[in-house]
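Structure file target21.csv (CSV, C-alpha atoms) follows.
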chain,number,residue,atom,x,y,z
A,1,MET,CA,-90.8,214.7,-103.4
A,2,HIS,CA,-87.8,213.5,-105.4
A,3,GLN,CA,-87.4,210.6,-103.0
A,4,ASP,CA,-91.0,209.7,-103.4
A,5,HIS,CA,-90.5,209.6,-107.2
A,6,GLU,CA,-87.6,207.2,-106.9
A,7,LEU,CA,-89.6,204.9,-104.7
A,8,HIS,CA,-92.6,204.8,-107.0
A,9,THR,CA,-90.4,204.2,-110.0
A,10,ARG,CA,-88.9,201.2,-108.3
A,11,ARG,CA,-92.2,199.9,-107.2
A,12,LYS,CA,-93.7,200.5,-110.7
A,13,GLY,CA,-90.9,198.3,-112.1
A,14,ARG,CA,-91.7,195.5,-109.7
A,15,ASN,CA,-95.4,195.8,-110.4
A,16,PHE,CA,-95.0,195.6,-114.1
A,17,GLY,CA,-92.6,192.7,-113.7
A,18,ILE,CA,-95.2,190.8,-111.6
A,19,LEU,CA,-97.9,191.6,-114.2
A,20,GLY,CA,-95.6,190.2,-116.9
A,21,VAL,CA,-95.0,187.0,-114.9
A,22,LEU,CA,-98.7,186.6,-114.2
A,23,LEU,CA,-99.7,187.1,-117.9
A,24,SER,CA,-97.0,184.7,-119.0
A,25,PHE,CA,-98.4,182.1,-116.5
A,26,VAL,CA,-101.9,182.5,-117.9
A,27,VAL,CA,-100.6,182.1,-121.5
A,28,LEU,CA,-98.6,179.0,-120.4
A,29,ILE,CA,-101.6,177.4,-118.8
A,30,PHE,CA,-103.7,178.0,-121.8
A,31,GLY,CA,-101.1,176.6,-124.1
A,32,LEU,CA,-100.7,173.6,-121.9
A,33,THR,CA,-104.4,173.0,-121.9
A,34,VAL,CA,-104.5,173.1,-125.7
A,35,VAL,CA,-101.5,170.8,-126.1
A,36,LYS,CA,-102.8,168.3,-123.4
A,37,ILE,CA,-106.2,168.1,-125.1
A,38,GLN,CA,-104.6,167.7,-128.6
A,39,THR,CA,-102.1,165.1,-127.6
A,40,GLY,CA,-104.1,163.4,-124.8
A,41,THR,CA,-105.2,159.8,-125.3
A,42,TYR,CA,-108.6,158.5,-124.1
A,43,ALA,CA,-109.8,161.3,-121.8
A,44,GLU,CA,-113.1,159.6,-120.7
A,45,ALA,CA,-113.3,158.1,-117.3
A,46,PHE,CA,-115.8,156.7,-114.8
A,47,ASP,CA,-117.7,159.8,-113.8
A,48,HIS,CA,-119.7,158.7,-110.7
A,49,VAL,CA,-121.4,156.0,-112.8
A,50,VAL,CA,-120.0,152.9,-114.4
A,51,ARG,CA,-119.7,153.3,-118.2
A,52,PRO,CA,-119.9,150.0,-119.9
A,53,GLU,CA,-117.9,151.2,-122.9
A,54,LEU,CA,-114.9,151.7,-120.7
A,55,VAL,CA,-114.9,148.2,-119.3
A,56,PRO,CA,-112.6,146.0,-121.3
A,57,SER,CA,-114.6,143.4,-123.2
A,58,GLU,CA,-113.6,139.7,-123.4
A,59,ALA,CA,-112.9,140.2,-127.1
A,60,SER,CA,-110.3,142.9,-126.5
A,61,GLU,CA,-108.5,140.9,-123.8
B,1,MET,CA,-95.9,201.4,-95.0
B,2,THR,CA,-95.5,204.9,-96.4
B,3,ASP,CA,-93.7,206.0,-93.3
B,4,LEU,CA,-91.3,203.1,-93.5
B,5,SER,CA,-90.8,203.7,-97.2
B,6,LEU,CA,-90.0,207.4,-96.8
B,7,HIS,CA,-87.6,206.7,-94.0
B,8,ALA,CA,-85.9,204.1,-96.0
B,9,ALA,CA,-85.5,206.3,-99.0
B,10,THR,CA,-83.4,208.7,-97.1
B,11,GLU,CA,-80.8,206.1,-96.5
B,12,ASP,CA,-78.0,205.2,-98.9
B,13,ARG,CA,-79.4,201.8,-99.9
B,14,PRO,CA,-83.0,200.8,-100.4
B,15,ALA,CA,-84.8,199.2,-97.5
B,16,PRO,CA,-85.6,195.5,-97.5
B,17,ASP,CA,-88.7,194.8,-99.7
B,18,GLU,CA,-87.9,197.8,-101.9
B,19,ALA,CA,-85.7,195.7,-104.0
B,20,SER,CA,-85.7,195.7,-107.8
B,21,LEU,CA,-86.7,192.8,-109.9
B,22,ARG,CA,-83.0,192.3,-110.7
B,23,ASP,CA,-82.4,191.6,-107.0
B,24,PHE,CA,-85.0,188.9,-106.9
B,25,TRP,CA,-83.6,187.5,-110.1
B,26,GLN,CA,-80.1,187.3,-108.4
B,27,LEU,CA,-81.7,185.5,-105.5
B,28,LEU,CA,-82.6,182.6,-107.9
B,29,LYS,CA,-78.9,182.0,-108.7
B,30,PRO,CA,-79.2,182.3,-112.5
B,31,ARG,CA,-75.9,180.5,-113.1
B,32,LEU,CA,-76.9,177.5,-111.2
B,33,MET,CA,-80.3,177.6,-113.0
B,34,SER,CA,-78.5,177.7,-116.4
B,35,LEU,CA,-76.6,174.5,-115.6
B,36,SER,CA,-79.8,172.8,-114.5
B,37,VAL,CA,-81.6,173.9,-117.6
B,38,PHE,CA,-78.8,172.6,-119.9
B,39,THR,CA,-78.5,169.2,-118.2
B,40,ALA,CA,-82.3,168.7,-117.8
B,41,LEU,CA,-82.7,169.5,-121.5
B,42,VAL,CA,-80.1,166.9,-122.4
B,43,GLY,CA,-81.8,164.3,-120.2
B,44,MET,CA,-85.1,165.1,-122.0
B,45,LEU,CA,-83.5,164.9,-125.5
B,46,VAL,CA,-81.8,161.6,-125.0
B,47,ALA,CA,-84.7,159.9,-123.3
B,48,PRO,CA,-86.5,157.4,-125.5
B,49,GLY,CA,-89.9,158.3,-126.8
B,50,GLY,CA,-89.9,162.0,-127.0
B,51,VAL,CA,-92.4,164.6,-125.8
B,52,HIS,CA,-94.4,167.4,-127.3
B,53,PRO,CA,-92.1,170.5,-127.7
B,54,PHE,CA,-94.4,172.7,-125.7
B,55,ILE,CA,-94.7,170.1,-122.8
B,56,GLY,CA,-90.9,169.7,-123.0
B,57,ALA,CA,-90.1,173.4,-122.9
B,58,THR,CA,-92.6,174.0,-120.1
B,59,SER,CA,-91.2,171.1,-118.0
B,60,ILE,CA,-87.7,172.6,-118.4
B,61,LEU,CA,-89.2,175.9,-117.2
B,62,TRP,CA,-90.5,174.3,-114.0
B,63,ILE,CA,-87.2,172.5,-113.4
B,64,ALA,CA,-85.5,175.9,-113.7
B,65,VAL,CA,-88.0,177.5,-111.3
B,66,GLY,CA,-87.4,174.6,-108.9
B,67,ALA,CA,-83.6,175.3,-109.1
B,68,GLY,CA,-84.3,179.0,-108.6
B,69,ALA,CA,-86.4,178.2,-105.5
B,70,SER,CA,-83.5,176.2,-104.1
B,71,GLY,CA,-81.1,179.1,-104.8
B,72,ALA,CA,-83.5,181.6,-103.0
B,73,LEU,CA,-83.9,179.3,-100.0
B,74,ASN,CA,-80.1,178.7,-99.9
B,75,MET,CA,-79.5,182.4,-99.9
B,76,TRP,CA,-82.1,182.9,-97.1
B,77,PHE,CA,-80.4,180.3,-94.9
B,78,ASP,CA,-76.8,181.3,-95.7
B,79,ALA,CA,-77.3,185.1,-95.2
B,80,ASP,CA,-75.2,185.0,-92.0
B,81,ILE,CA,-72.2,183.5,-93.7
B,82,ASP,CA,-72.7,185.4,-96.9
B,83,ARG,CA,-72.3,188.6,-94.8
B,84,VAL,CA,-68.9,187.5,-93.7
B,85,MET,CA,-67.3,186.5,-97.0
B,86,LYS,CA,-66.1,189.1,-99.5
B,87,ARG,CA,-67.3,187.1,-102.5
B,88,THR,CA,-70.9,186.9,-101.2
B,89,ARG,CA,-71.2,190.1,-99.2
B,90,ASN,CA,-73.0,191.9,-102.0
B,91,ARG,CA,-75.7,189.3,-102.5
B,92,PRO,CA,-79.3,190.7,-102.2
B,93,ILE,CA,-79.9,189.7,-98.6
B,94,PRO,CA,-76.5,190.5,-96.9
B,95,SER,CA,-76.4,193.8,-98.8
B,96,GLY,CA,-79.8,194.7,-97.3
B,97,ARG,CA,-81.6,195.0,-100.6
B,98,VAL,CA,-84.0,192.0,-100.0
B,99,ALA,CA,-85.5,191.1,-96.6
B,100,PRO,CA,-84.8,187.6,-95.5
B,101,SER,CA,-88.5,186.9,-95.0
B,102,SER,CA,-89.1,188.0,-98.6
B,103,ALA,CA,-86.5,185.5,-99.8
B,104,LEU,CA,-87.9,182.7,-97.7
B,105,ALA,CA,-91.5,183.5,-99.0
B,106,LEU,CA,-90.3,183.6,-102.6
B,107,GLY,CA,-88.3,180.4,-102.3
B,108,LEU,CA,-91.1,178.4,-100.7
B,109,PHE,CA,-93.7,179.8,-103.2
B,110,LEU,CA,-91.6,179.0,-106.2
B,111,ALA,CA,-90.7,175.5,-104.8
B,112,ILE,CA,-94.4,174.6,-104.4
B,113,VAL,CA,-95.4,176.1,-107.8
B,114,SER,CA,-92.5,174.3,-109.6
B,115,VAL,CA,-93.4,170.9,-108.2
B,116,VAL,CA,-97.2,171.2,-108.7
B,117,MET,CA,-96.8,172.5,-112.2
B,118,LEU,CA,-94.2,169.9,-113.2
B,119,ASP,CA,-96.6,167.2,-111.9
B,120,LEU,CA,-99.4,168.7,-114.0
B,121,THR,CA,-97.2,169.3,-117.1
B,122,ALA,CA,-95.2,166.1,-117.1
B,123,ASN,CA,-95.8,163.4,-114.5
B,124,TRP,CA,-95.5,162.7,-110.7
B,125,VAL,CA,-92.2,160.9,-111.0
B,126,ALA,CA,-90.4,164.0,-112.4
B,127,ALA,CA,-92.2,166.1,-109.8
B,128,ALA,CA,-91.2,163.8,-107.0
B,129,TRP,CA,-87.5,163.9,-108.0
B,130,LEU,CA,-87.7,167.7,-108.2
B,131,THR,CA,-89.1,167.8,-104.7
B,132,PHE,CA,-86.3,165.6,-103.5
B,133,THR,CA,-83.7,167.7,-105.3
B,134,ILE,CA,-85.0,170.9,-103.6
B,135,PHE,CA,-85.1,169.2,-100.2
B,136,PHE,CA,-81.6,167.8,-100.7
B,137,TYR,CA,-80.1,171.1,-101.7
B,138,VAL,CA,-81.8,173.2,-99.0
B,139,VAL,CA,-82.0,170.9,-96.0
B,140,ILE,CA,-79.3,168.2,-96.5
B,141,TYR,CA,-76.7,170.5,-98.1
B,142,SER,CA,-77.4,174.1,-97.0
B,143,MET,CA,-78.7,173.5,-93.5
B,144,TRP,CA,-76.7,170.5,-92.5
B,145,LEU,CA,-73.6,169.4,-94.5
B,146,LYS,CA,-72.3,172.7,-95.7
B,147,ARG,CA,-71.5,173.8,-92.1
B,148,THR,CA,-70.6,170.5,-90.6
B,149,THR,CA,-68.4,168.4,-92.9
B,150,SER,CA,-65.7,168.8,-95.4
B,151,TRP,CA,-67.7,166.4,-97.6
B,152,ASN,CA,-70.1,169.2,-98.2
B,153,THR,CA,-68.9,169.7,-101.8
B,154,VAL,CA,-69.1,166.0,-102.6
B,155,ILE,CA,-72.6,165.2,-101.2
B,156,GLY,CA,-74.0,168.6,-101.9
B,157,GLY,CA,-73.0,168.1,-105.5
B,158,LEU,CA,-75.6,165.4,-105.8
B,159,ALA,CA,-78.4,168.1,-105.7
B,160,GLY,CA,-76.9,169.7,-108.8
B,161,ALA,CA,-76.6,166.3,-110.5
B,162,PHE,CA,-80.3,165.4,-110.5
B,163,PRO,CA,-81.7,167.7,-113.3
B,164,PRO,CA,-80.8,165.4,-116.2
B,165,MET,CA,-82.7,162.6,-114.5
B,166,ILE,CA,-85.7,164.9,-113.9
B,167,GLY,CA,-85.6,165.8,-117.6
B,168,TRP,CA,-85.5,162.1,-118.5
B,169,ALA,CA,-88.4,161.3,-116.1
B,170,ALA,CA,-90.5,164.1,-117.5
B,171,VAL,CA,-90.4,162.2,-120.8
B,172,THR,CA,-90.6,158.6,-119.8
B,173,GLY,CA,-92.0,158.6,-116.3
B,174,ASN,CA,-89.2,156.4,-115.0
B,175,THR,CA,-85.5,156.6,-114.1
B,176,PRO,CA,-83.5,153.8,-115.7
B,177,ILE,CA,-79.7,153.2,-115.4
B,178,GLU,CA,-78.9,155.6,-118.2
B,179,ALA,CA,-80.5,158.5,-116.3
B,180,TRP,CA,-78.5,157.5,-113.2
B,181,LEU,CA,-75.3,157.4,-115.2
B,182,MET,CA,-75.9,161.1,-116.2
B,183,VAL,CA,-76.5,161.9,-112.5
B,184,GLY,CA,-73.3,160.0,-111.6
B,185,LEU,CA,-71.3,161.9,-114.2
B,186,ILE,CA,-72.2,165.3,-112.7
B,187,PHE,CA,-71.8,163.9,-109.2
B,188,MET,CA,-68.2,162.7,-109.9
B,189,TRP,CA,-67.4,165.8,-111.8
B,190,THR,CA,-68.4,168.3,-109.1
B,191,PRO,CA,-65.6,167.6,-106.5
B,192,PRO,CA,-62.6,168.0,-108.8
B,193,HIS,CA,-64.3,171.0,-110.5
B,194,PHE,CA,-64.8,172.9,-107.2
B,195,TRP,CA,-61.6,171.8,-105.6
B,196,ALA,CA,-59.6,173.1,-108.5
B,197,LEU,CA,-61.4,176.4,-108.1
B,198,ALA,CA,-60.9,176.4,-104.3
B,199,LEU,CA,-57.1,175.9,-104.9
B,200,PHE,CA,-56.6,179.0,-106.9
B,201,VAL,CA,-59.3,181.4,-105.6
B,202,LYS,CA,-58.5,183.0,-102.4
B,203,THR,CA,-61.7,182.8,-100.3
B,204,ASP,CA,-62.4,183.4,-96.7
B,205,TYR,CA,-64.2,180.2,-95.9
B,206,HIS,CA,-62.3,180.0,-92.6
B,207,ALA,CA,-63.8,183.4,-91.6
B,208,ALA,CA,-67.3,182.0,-92.2
B,209,ARG,CA,-66.3,178.7,-90.5
B,210,ILE,CA,-67.2,176.6,-93.5
B,211,PRO,CA,-65.3,173.3,-93.4
B,212,MET,CA,-64.0,173.2,-96.9
B,213,LEU,CA,-61.5,170.4,-97.7
B,214,THR,CA,-58.7,172.9,-98.4
B,215,VAL,CA,-59.2,174.3,-94.9
B,216,THR,CA,-59.8,171.1,-92.9
B,217,HIS,CA,-57.4,168.7,-94.6
B,218,GLY,CA,-55.0,171.0,-96.4
B,219,ARG,CA,-54.2,171.7,-100.0
B,220,ALA,CA,-52.1,168.6,-100.6
B,221,GLU,CA,-55.0,166.3,-99.5
B,222,THR,CA,-57.4,168.3,-101.7
B,223,ARG,CA,-55.1,167.7,-104.7
B,224,ARG,CA,-55.0,164.0,-103.9
B,225,GLN,CA,-58.8,163.7,-103.5
B,226,ALA,CA,-59.3,165.6,-106.8
B,227,TRP,CA,-57.2,163.0,-108.5
B,228,PHE,CA,-59.2,160.1,-107.1
B,229,TRP,CA,-62.5,161.7,-108.0
B,230,SER,CA,-61.2,162.4,-111.5
B,231,LEU,CA,-60.5,158.6,-111.8
B,232,GLY,CA,-64.0,157.9,-110.7
B,233,LEU,CA,-65.4,160.4,-113.2
B,234,ALA,CA,-63.5,158.6,-116.0
B,235,VAL,CA,-65.1,155.3,-115.0
B,236,VAL,CA,-68.6,156.7,-114.9
B,237,SER,CA,-68.0,158.5,-118.2
B,238,LEU,CA,-66.9,155.3,-119.9
B,239,LEU,CA,-69.9,153.4,-118.5
B,240,ALA,CA,-72.2,156.1,-119.8
B,241,SER,CA,-70.5,156.0,-123.2
B,242,LEU,CA,-71.0,152.2,-123.4
B,243,SER,CA,-74.7,152.4,-122.3
B,244,SER,CA,-77.7,152.9,-124.6
B,245,ILE,CA,-77.2,156.8,-124.5
B,246,GLY,CA,-73.7,156.4,-125.7
B,247,GLY,CA,-72.2,155.1,-128.9
B,248,PRO,CA,-68.9,155.1,-130.9
B,249,MET,CA,-68.9,158.9,-131.2
B,250,THR,CA,-69.6,159.4,-127.5
B,251,LEU,CA,-66.9,156.9,-126.6
B,252,ALA,CA,-64.3,158.7,-128.8
B,253,VAL,CA,-65.2,162.1,-127.3
B,254,ALA,CA,-65.2,160.7,-123.8
B,255,LEU,CA,-61.8,159.2,-124.2
B,256,VAL,CA,-60.4,162.6,-125.3
B,257,LEU,CA,-62.2,164.5,-122.6
B,258,ASN,CA,-61.1,162.1,-119.8
B,259,GLY,CA,-57.6,161.8,-121.1
B,260,VAL,CA,-57.0,165.6,-120.8
B,261,PHE,CA,-58.9,165.7,-117.5
B,262,LEU,CA,-56.8,163.0,-116.0
B,263,LYS,CA,-53.6,164.5,-117.3
B,264,ARG,CA,-54.4,167.8,-115.7
B,265,ALA,CA,-55.6,166.3,-112.4
B,266,TRP,CA,-52.4,164.2,-112.3
B,267,ASP,CA,-50.3,167.3,-112.9
B,268,MET,CA,-52.2,169.2,-110.2
B,269,ARG,CA,-51.8,166.3,-107.7
B,270,HIS,CA,-48.0,166.5,-107.9
B,271,ARG,CA,-47.7,170.2,-107.3
B,272,THR,CA,-46.7,172.2,-104.3
B,273,ASP,CA,-47.9,175.6,-103.1
B,274,ALA,CA,-44.5,177.0,-104.2
B,275,ASP,CA,-45.2,175.7,-107.8
B,276,CYS,CA,-48.6,177.4,-107.7
B,277,GLU,CA,-47.2,180.7,-106.6
B,278,ALA,CA,-44.5,180.5,-109.3
B,279,ASP,CA,-46.9,180.1,-112.2
B,280,GLY,CA,-50.0,181.8,-110.8
B,281,HIS,CA,-51.9,178.5,-110.3
B,282,ALA,CA,-51.8,177.8,-114.0
B,283,VAL,CA,-52.4,174.0,-113.7
B,284,GLU,CA,-55.4,174.5,-111.3
B,285,ARG,CA,-56.9,177.1,-113.6
B,286,GLY,CA,-56.3,174.7,-116.5
B,287,LEU,CA,-58.2,171.9,-114.8
B,288,PHE,CA,-61.0,174.2,-113.8
B,289,LYS,CA,-61.5,175.5,-117.3
B,290,TRP,CA,-61.3,172.0,-118.8
B,291,SER,CA,-63.9,170.8,-116.4
B,292,LEU,CA,-66.3,173.4,-117.8
B,293,VAL,CA,-65.5,172.2,-121.4
B,294,TYR,CA,-65.8,168.6,-120.2
B,295,LEU,CA,-69.3,168.8,-118.9
B,296,PHE,CA,-70.7,170.8,-121.8
B,297,ALA,CA,-69.0,168.6,-124.4
B,298,HIS,CA,-69.9,165.3,-122.7
B,299,PHE,CA,-73.6,166.2,-122.5
B,300,ALA,CA,-73.6,167.7,-126.0
B,301,VAL,CA,-72.3,164.5,-127.4
B,302,PHE,CA,-75.1,162.5,-125.8
B,303,VAL,CA,-77.5,164.7,-127.7
B,304,ALA,CA,-75.5,164.4,-130.9
B,305,GLU,CA,-75.5,160.6,-130.5
B,306,ALA,CA,-79.3,160.6,-130.0
B,307,ALA,CA,-79.8,163.0,-133.0
B,308,LEU,CA,-78.0,160.5,-135.2
B,309,GLY,CA,-81.0,158.2,-134.7
B,310,PRO,CA,-80.4,154.8,-136.3
B,311,TYR,CA,-76.9,155.9,-137.3
B,312,GLY,CA,-75.9,156.6,-133.7
B,313,GLY,CA,-75.7,154.5,-130.6
B,314,TRP,CA,-74.5,150.9,-130.1
Encoding of this model in structure tokens:
Amino acid sequence: MHQDHELHTRRKGRNFGILGVLLSFVVLIFGLTVVKIQTGTYAEAFDHVVRPELVPSEASE
Amino acid sequence: MTDLSLHAATEDRPAPDEASLRDFWQLLKPRLMSLSVFTALVGMLVAPGGVHPFIGATSILWIAVGAGASGALNMWFDADIDRVMKRTRNRPIPSGRVAPSSALALGLFLAIVSVVMLDLTANWVAAAWLTFTIFFYVVIYSMWLKRTTSWNTVIGGLAGAFPPMIGWAAVTGNTPIEAWLMVGLIFMWTPPHFWALALFVKTDYHAARIPMLTVTHGRAETRRQAWFWSLGLAVVSLLASLSSIGGPMTLAVALVLNGVFLKRAWDMRHRTDADCEADGHAVERGLFKWSLVYLFAHFAVFVAEAALGPYGGW
């Protein structure tokens, strides 16, 4: 029984470690999304259809 | 699973795959990671333009993860020779704490995650160079050169030299001459640094059949090579000091750093094994310690020069 206890303690440590890494990853992705949106330039693109406002006009060239 | 676990628990050491988090951390070679983090950070700080702190910190994290993946894959492939040498015998795989297949899986997983995430966080140029670095360290160095040529230290050192360029690329998306000069600095620094260490640390590379220069060409030739590479290092250092990442302060610091480095390499070149035995390898130890100061100070002064803004640089 004592050996079982050691085994489970070790596994518990690993499992909590993996939980911490996964949670950190989620927080990181969320943070990145926020920063990318805040600092991103023009995010609009051609979405299956041509958008006239994205085509450079003669005046801007 | 349970049967295996119970059986393993009755033995002195834990069975493979019952390793602790600390074992997996060791697998990532944290010392190597810290050097990569430091030099990549410098590359990022001296690159023109700047980047959002969160993007910068996250990019550094992925570079560190990529370096860790390289370390895990290196340990996976080198488990057979690590088992033979005293210095490496207690590493996670040869000691039996981590299964080779787990190390391989972890290394491959982290390599893919680091490259994909660096691409998403920074840009594809940085991600491409991180991919090449991992490939170079694992395939070119670990699998090929390390066991076949005494130039393993020289060419293998290139893998450790790339992080500042990856850091630079993460900011600018390109790799101009200044980024390559930082790569060149670490590349030229690596051989004298490791050869000085190899001259005073008694290792059993011959037992593992690793063709280190001290084994294949002798200690005298190693001293001679260390001197020539130190000269090359000084040249690259001065070129970097005169480039746009340098400036008067960098040049002044570089002159001092290289002056001491060359003096110690010169002294080391003209020694015999009898001299080493007499003073306990004092000169070799001195060069090794100075090489650590050298790299840290040289990269720190690049950052200081950049921090001076309009008052720094040429």
Query raised in the report: What is the distance between atom CA of B:Ile155 and atom CA of B:Ile210, in Å to one decimal?
Result: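 One can read the atom CA of B:Ile155 to atom CA of B:Ile210 distance as 14.8 Å.
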Quick one: contact table of chain A to chain B, 12 Å max, nearest atom pair and distance in Å to one decimal per residue, counting all atoms listed in the file, chain and number order, as a tab-separated table?
residue	atom	partner	partner_atom	distance
A:Met1	CA	B:Leu6	CA	9.9
A:His2	CA	B:Ala9	CA	9.9
A:Gln3	CA	B:Ala9	CA	6.2
A:Asp4	CA	B:Leu6	CA	7.1
A:His5	CA	B:Ala9	CA	10.2
A:Glu6	CA	B:Ala9	CA	8.2
A:Leu7	CA	B:Ala9	CA	7.2
A:His8	CA	B:Glu18	CA	9.9
A:Thr9	CA	B:Ser20	CA	10.0
A:Arg10	CA	B:Ser20	CA	6.4
A:Arg11	CA	B:Glu18	CA	7.1
A:Lys12	CA	B:Ser20	CA	9.8
A:Gly13	CA	B:Ser20	CA	7.2
A:Arg14	CA	B:Leu21	CA	5.7
A:Asn15	CA	B:Leu21	CA	9.2
A:Phe16	CA	B:Leu21	CA	9.7
A:Gly17	CA	B:Leu21	CA	7.0
A:Ile18	CA	B:Leu21	CA	8.9
A:Gly20	CA	B:Leu21	CA	11.6
A:Val21	CA	B:Leu21	CA	11.3
A:Ser24	CA	B:Thr58	CA	11.6
A:Phe25	CA	B:Thr58	CA	10.6
A:Val27	CA	B:Thr58	CA	11.5
A:Leu28	CA	B:Thr58	CA	7.8
A:Ile29	CA	B:Thr121	CA	9.4
A:Phe30	CA	B:Phe54	CA	11.4
A:Gly31	CA	B:Phe54	CA	7.9
A:Leu32	CA	B:Ile55	CA	7.0
A:Thr33	CA	B:Thr121	CA	9.4
A:Val34	CA	B:Phe54	CA	10.1
A:Val35	CA	B:Phe54	CA	7.4
A:Lys36	CA	B:Ile55	CA	8.3
A:Ile37	CA	B:Ile55	CA	11.9
A:Gln38	CA	B:His52	CA	10.3
A:Thr39	CA	B:His52	CA	8.0
A:Gly40	CA	B:His52	CA	10.8
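Atom pair atom CA of B:Lys146 / atom CA of B:Asp273 has a distance of 25.7 Å (rounded to one decimal).
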Query raised in the report: Which neighbours of B:Ala179 fall inside 10 Å, counting only C-alpha atoms, when residues of the same chain fewer than 5 positions from it are skipped, and could you give them as a PyMOL selection string?
Result: chain B and resi 43-44+46-47+162-169+174+184+240+245
Query raised in the report: What is the atom CA of B:Val65 to atom CA of B:Ser114 distance in Å?
Result: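 Between atom CA of B:Val65 and atom CA of B:Ser114 the gap is 5.8 Å.
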Query raised in the report: Which of these, B:Leu233, B:Val283, B:Val115, B:Ile93, has the shortest distance to B:Gly259 once you count all atoms listed in the file?
Result: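 The shortest atom-to-atom distance to B:Gly259 comes from B:Leu233.
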Requested in this report: For stretch 265-270 of chain B, work out the shell of residues within 7 Å, counting all atoms listed in the file and skipping chain neighbours fewer than 4 positions away, then give it as a list in words.
Outcome: Arg223, Arg224, Ala226, Trp227, Ser230, Phe261, Val283, Glu284 and Leu287 of chain B
Quick one: residues within 10 Å of B:Val215, all atoms listed in the file counted, chain neighbours fewer than 2 positions away excluded, as an mmCIF file with C-alpha atoms, in the frame of the given file?
data_model
loop_
_atom_site.group_PDB
_atom_site.id
_atom_site.type_symbol
_atom_site.label_atom_id
_atom_site.label_comp_id
_atom_site.auth_asym_id
_atom_site.auth_seq_id
_atom_site.Cartn_x
_atom_site.Cartn_y
_atom_site.Cartn_z
ATOM 1 C CA SER B 150 -65.700 168.800 -95.400
ATOM 2 C CA ALA B 198 -60.900 176.400 -104.300
ATOM 3 C CA ASP B 204 -62.400 183.400 -96.700
ATOM 4 C CA TYR B 205 -64.200 180.200 -95.900
ATOM 5 C CA HIS B 206 -62.300 180.000 -92.600
ATOM 6 C CA ARG B 209 -66.300 178.700 -90.500
ATOM 7 C CA ILE B 210 -67.200 176.600 -93.500
ATOM 8 C CA PRO B 211 -65.300 173.300 -93.400
ATOM 9 C CA MET B 212 -64.000 173.200 -96.900
ATOM 10 C CA LEU B 213 -61.500 170.400 -97.700
ATOM 11 C CA HIS B 217 -57.400 168.700 -94.600
ATOM 12 C CA GLY B 218 -55.000 171.000 -96.400
ATOM 13 C CA ARG B 219 -54.200 171.700 -100.000
ATOM 14 C CA THR B 222 -57.400 168.300 -101.700
#
Query raised in the report: Around (-85.3, 184.5, -100.5) in the file's frame, which residues reach within 7 Å when counting only C-alpha atoms? Return as an NGL selection string?
Result: :B and (27 or 72-73 or 75-76 or 100-107)
